[in-house]
Amino acid sequence: MLNGAKTFISNSSAASLMTVFATLNTTQKHRGICAFAVPTDTPGLQPGRKLDKMGQRCADTSEVFFEDLRIPRSSLLGEEGEGFKVAMKTLDRTRPLIAIQAVGLARAAMEAATSYAKKRQQFGVPIAKHQAIQFMLADMTTDIEAARLLAWQAAWMADNDIPQTRGSSIAKLFDTDMCMRVTTDAVQVFGDHSYMMEFPVEKFMRDAKLLQIYEGTNQIGCRSHT
């Protein structure tokens, strides 16, 4: 029987099956966690409100409540007390995906900033002719290329069943921090126009921030493994 609540659940209103981590024995701390596969139509599983986020607003993120939700032993994933291990192995696979998501988002921001810099005129020339802007665009390009290689390496290790808790954590940490820098610099290149919602870079910056938070925050979820 499960009782409790969880917030920030991705795709919860559309899902037919949820992975649920619950504590069997609180005295055992992480060794008392179990993982379950729970159909969303199970009596006692109640959807909560859809959350209004700063960024990634198209992604469905909601609350979920469990009230005397009964599940059979067959719903258990792995053995009793192995829930934490299941969660950590899952992060080894999902963190490279967040890393490459960060690369794609940063690349979109860099390309938008480059295009805008070639068109925007100041002092009689495009701002792309100014060395300060050129340095920013060069740093964006360099960081994106380095981040892409880290993501590819982590993904290659996952595909080849090579233990890569450290590698996936490094890729997620570096790439999402990189994405936040690049999207913020793209906003700077756009200047006043960046604050207008008709231009894409304000959205890129808002979307980038969440990459540093989910799949384990960069402060505790990733740095603890590097």
# chains A, B, ... in the order shown; residues from 1 in each chain; ligands from 1
>>> residues_around(residues="A:Glu202", least_positions_apart="5", cutoff="12 Å", atoms="only C-alpha atoms", output="list of chain:residue names")
A:Met54, A:Gly55, A:Gln56, A:Ala109, A:Ala112, A:Ala113, A:Met180, A:Val182, A:Thr183, A:Thr184, A:Asp185, A:Ala186, A:Val187, A:Gln188, A:Val189, A:Phe190, A:Gly191, A:Asp192, A:His193, A:Ser194, A:Tyr195, A:Met196, A:Met197, A:Asp207, A:Ala208, A:Lys209
>>> select_by_dssp(residues="stretch 60-198 of chain A", states="strand (DSSP E)", output="CSV table (one decimal) with C-alpha atoms, in the first residue's frame")
chain,number,residue,atom,x,y,z
A,61,THR,CA,4.7,18.6,-15.4
A,62,SER,CA,2.2,17.9,-12.6
A,63,GLU,CA,1.6,16.6,-9.1
A,64,VAL,CA,0.6,13.1,-8.2
A,65,PHE,CA,-1.0,11.8,-5.0
A,66,PHE,CA,-1.2,8.3,-3.6
A,67,GLU,CA,-4.0,7.5,-1.2
A,68,ASP,CA,-4.2,3.8,0.1
A,69,LEU,CA,-3.0,2.7,-3.3
A,76,LEU,CA,8.2,-4.4,-7.8
A,77,LEU,CA,11.2,-3.6,-10.0
A,121,GLN,CA,23.8,47.7,-37.3
A,122,GLN,CA,25.7,49.9,-34.8
A,125,VAL,CA,28.6,48.3,-39.3
A,126,PRO,CA,26.9,45.0,-38.3
>>> atom_distance(atom1="atom CA of A:Ala59", atom2="atom CA of A:Gly4")
23.6 Å
>>> closest_residue(among="A:Cys34, A:Ile144, A:Ala128, A:Ile170", to="A:Asp92", atoms="only C-alpha atoms")
A:Ile170
>>> residues_around(residues="A:Thr23", least_positions_apart="2", cutoff="6 Å", atoms="only C-alpha atoms", output="MDAnalysis selection string")
chainID A and resid 25 32:33
>>> write_last_selection(atoms="all heavy atoms", output="PDB file, in the first residue's frame")
ATOM      1  N   ASN A  25      11.415   1.098   4.464  1.00  0.00           N
ATOM      2  CA  ASN A  25      11.919   1.175   5.834  1.00  0.00           C
ATOM      3  C   ASN A  25      12.764   2.435   5.968  1.00  0.00           C
ATOM      4  O   ASN A  25      13.882   2.502   5.445  1.00  0.00           O
ATOM      5  CB  ASN A  25      12.763  -0.069   6.150  1.00  0.00           C
ATOM      6  CG  ASN A  25      13.157  -0.146   7.614  1.00  0.00           C
ATOM      7  OD1 ASN A  25      13.217   0.867   8.304  1.00  0.00           O
ATOM      8  ND2 ASN A  25      13.434  -1.361   8.081  1.00  0.00           N
ATOM      9  N   GLY A  32      16.420   1.394   2.066  1.00  0.00           N
ATOM     10  CA  GLY A  32      15.038   0.996   2.291  1.00  0.00           C
ATOM     11  C   GLY A  32      14.082   1.422   1.190  1.00  0.00           C
ATOM     12  O   GLY A  32      12.868   1.283   1.322  1.00  0.00           O
ATOM     13  N   ILE A  33      14.628   1.916   0.074  1.00  0.00           N
ATOM     14  CA  ILE A  33      13.794   2.389  -1.036  1.00  0.00           C
ATOM     15  C   ILE A  33      13.508   1.239  -2.002  1.00  0.00           C
ATOM     16  O   ILE A  33      14.397   0.451  -2.341  1.00  0.00           O
ATOM     17  CB  ILE A  33      14.492   3.545  -1.779  1.00  0.00           C
ATOM     18  CG1 ILE A  33      14.688   4.732  -0.841  1.00  0.00           C
ATOM     19  CG2 ILE A  33      13.680   3.966  -3.005  1.00  0.00           C
ATOM     20  CD1 ILE A  33      15.496   5.868  -1.437  1.00  0.00           C
TER      21      ILE A  33
END
>>> residues_around(residues="stretch 73-75 of chain A", least_positions_apart="4", cutoff="12 Å", atoms="only C-alpha atoms", output="list in words")
Met1, Leu17, Met18, Thr19, Val20, Phe21, Cys34, Ala35, Phe36, Ala37, Val38, Pro39, Thr42, Glu79 and Glu80 of chain A
>>> write_last_selection(atoms="N, CA and C atoms", output="short mmCIF file (atom, residue, chain, number, x, y, z; two decimals), in the first residue's frame")
data_model
loop_
_atom_site.label_atom_id
_atom_site.label_comp_id
_atom_site.auth_asym_id
_atom_site.auth_seq_id
_atom_site.Cartn_x
_atom_site.Cartn_y
_atom_site.Cartn_z
N MET A 1 0.84 -1.18 0.00
CA MET A 1 0.00 0.00 0.00
C MET A 1 0.89 1.25 0.00
N LEU A 17 1.55 4.46 -17.37
CA LEU A 17 2.34 3.70 -16.40
C LEU A 17 3.36 4.64 -15.76
N MET A 18 3.51 4.52 -14.45
CA MET A 18 4.48 5.34 -13.72
C MET A 18 5.49 4.46 -13.01
N THR A 19 6.72 4.97 -12.92
CA THR A 19 7.72 4.36 -12.06
C THR A 19 7.69 5.11 -10.74
N VAL A 20 7.46 4.40 -9.66
CA VAL A 20 7.30 5.01 -8.35
C VAL A 20 8.38 4.49 -7.41
N PHE A 21 9.03 5.41 -6.72
CA PHE A 21 10.02 5.05 -5.70
C PHE A 21 9.41 5.37 -4.34
N CYS A 34 12.26 1.17 -2.45
CA CYS A 34 11.85 0.19 -3.45
C CYS A 34 11.31 0.92 -4.68
N ALA A 35 11.41 0.27 -5.83
CA ALA A 35 10.90 0.82 -7.08
C ALA A 35 9.74 -0.03 -7.58
N PHE A 36 8.71 0.62 -8.10
CA PHE A 36 7.51 -0.07 -8.57
C PHE A 36 7.07 0.48 -9.93
N ALA A 37 6.46 -0.38 -10.72
CA ALA A 37 5.78 0.03 -11.95
C ALA A 37 4.28 0.05 -11.65
N VAL A 38 3.68 1.23 -11.72
CA VAL A 38 2.29 1.39 -11.28
C VAL A 38 1.43 1.94 -12.42
N PRO A 39 0.41 1.21 -12.88
CA PRO A 39 -0.51 1.76 -13.87
C PRO A 39 -1.24 2.97 -13.30
N THR A 42 -4.74 2.77 -11.50
CA THR A 42 -4.87 2.05 -10.23
C THR A 42 -5.66 2.89 -9.24
N GLU A 79 14.68 -6.16 -6.61
CA GLU A 79 14.41 -6.74 -5.31
C GLU A 79 14.07 -5.64 -4.31
N GLU A 80 13.52 -6.06 -3.16
CA GLU A 80 13.26 -5.10 -2.10
C GLU A 80 14.55 -4.40 -1.68
#
>>> closest_residue(among="A:Lys203, A:Gly78, A:Phe84, A:Trp152", to="A:Gln28", atoms="only C-alpha atoms")
A:Phe84
>>> atom_distance(atom1="atom CA of A:Pro47", atom2="atom CA of A:His30")
26.1 Å
>>> residues_around(residues="A:Ala15", least_positions_apart="3", cutoff="10 Å", atoms="only C-alpha atoms", output="list in words")
Ser10, Asn11, Ser12, Met18, Pro39, Thr40 and Asp41 of chain A
>>> select_by_dssp(residues="stretch 3-161 of chain A", states="alpha helix (DSSP H)", output="ChimeraX atom specification")
/A:83-119,131-159
>>> closest_residue(among="A:Ala132, A:Phe8, A:Glu82, A:Thr94", to="A:Lys53", atoms="only C-alpha atoms")
A:Phe8
>>> closest_residue(among="A:Glu198, A:Phe123, A:Trp156, A:Gly81", to="A:Thr26", atoms="only C-alpha atoms")
A:Gly81
>>> atom_distance(atom1="atom CA of A:Lys129", atom2="atom CA of A:Gly104")
25.7 Å
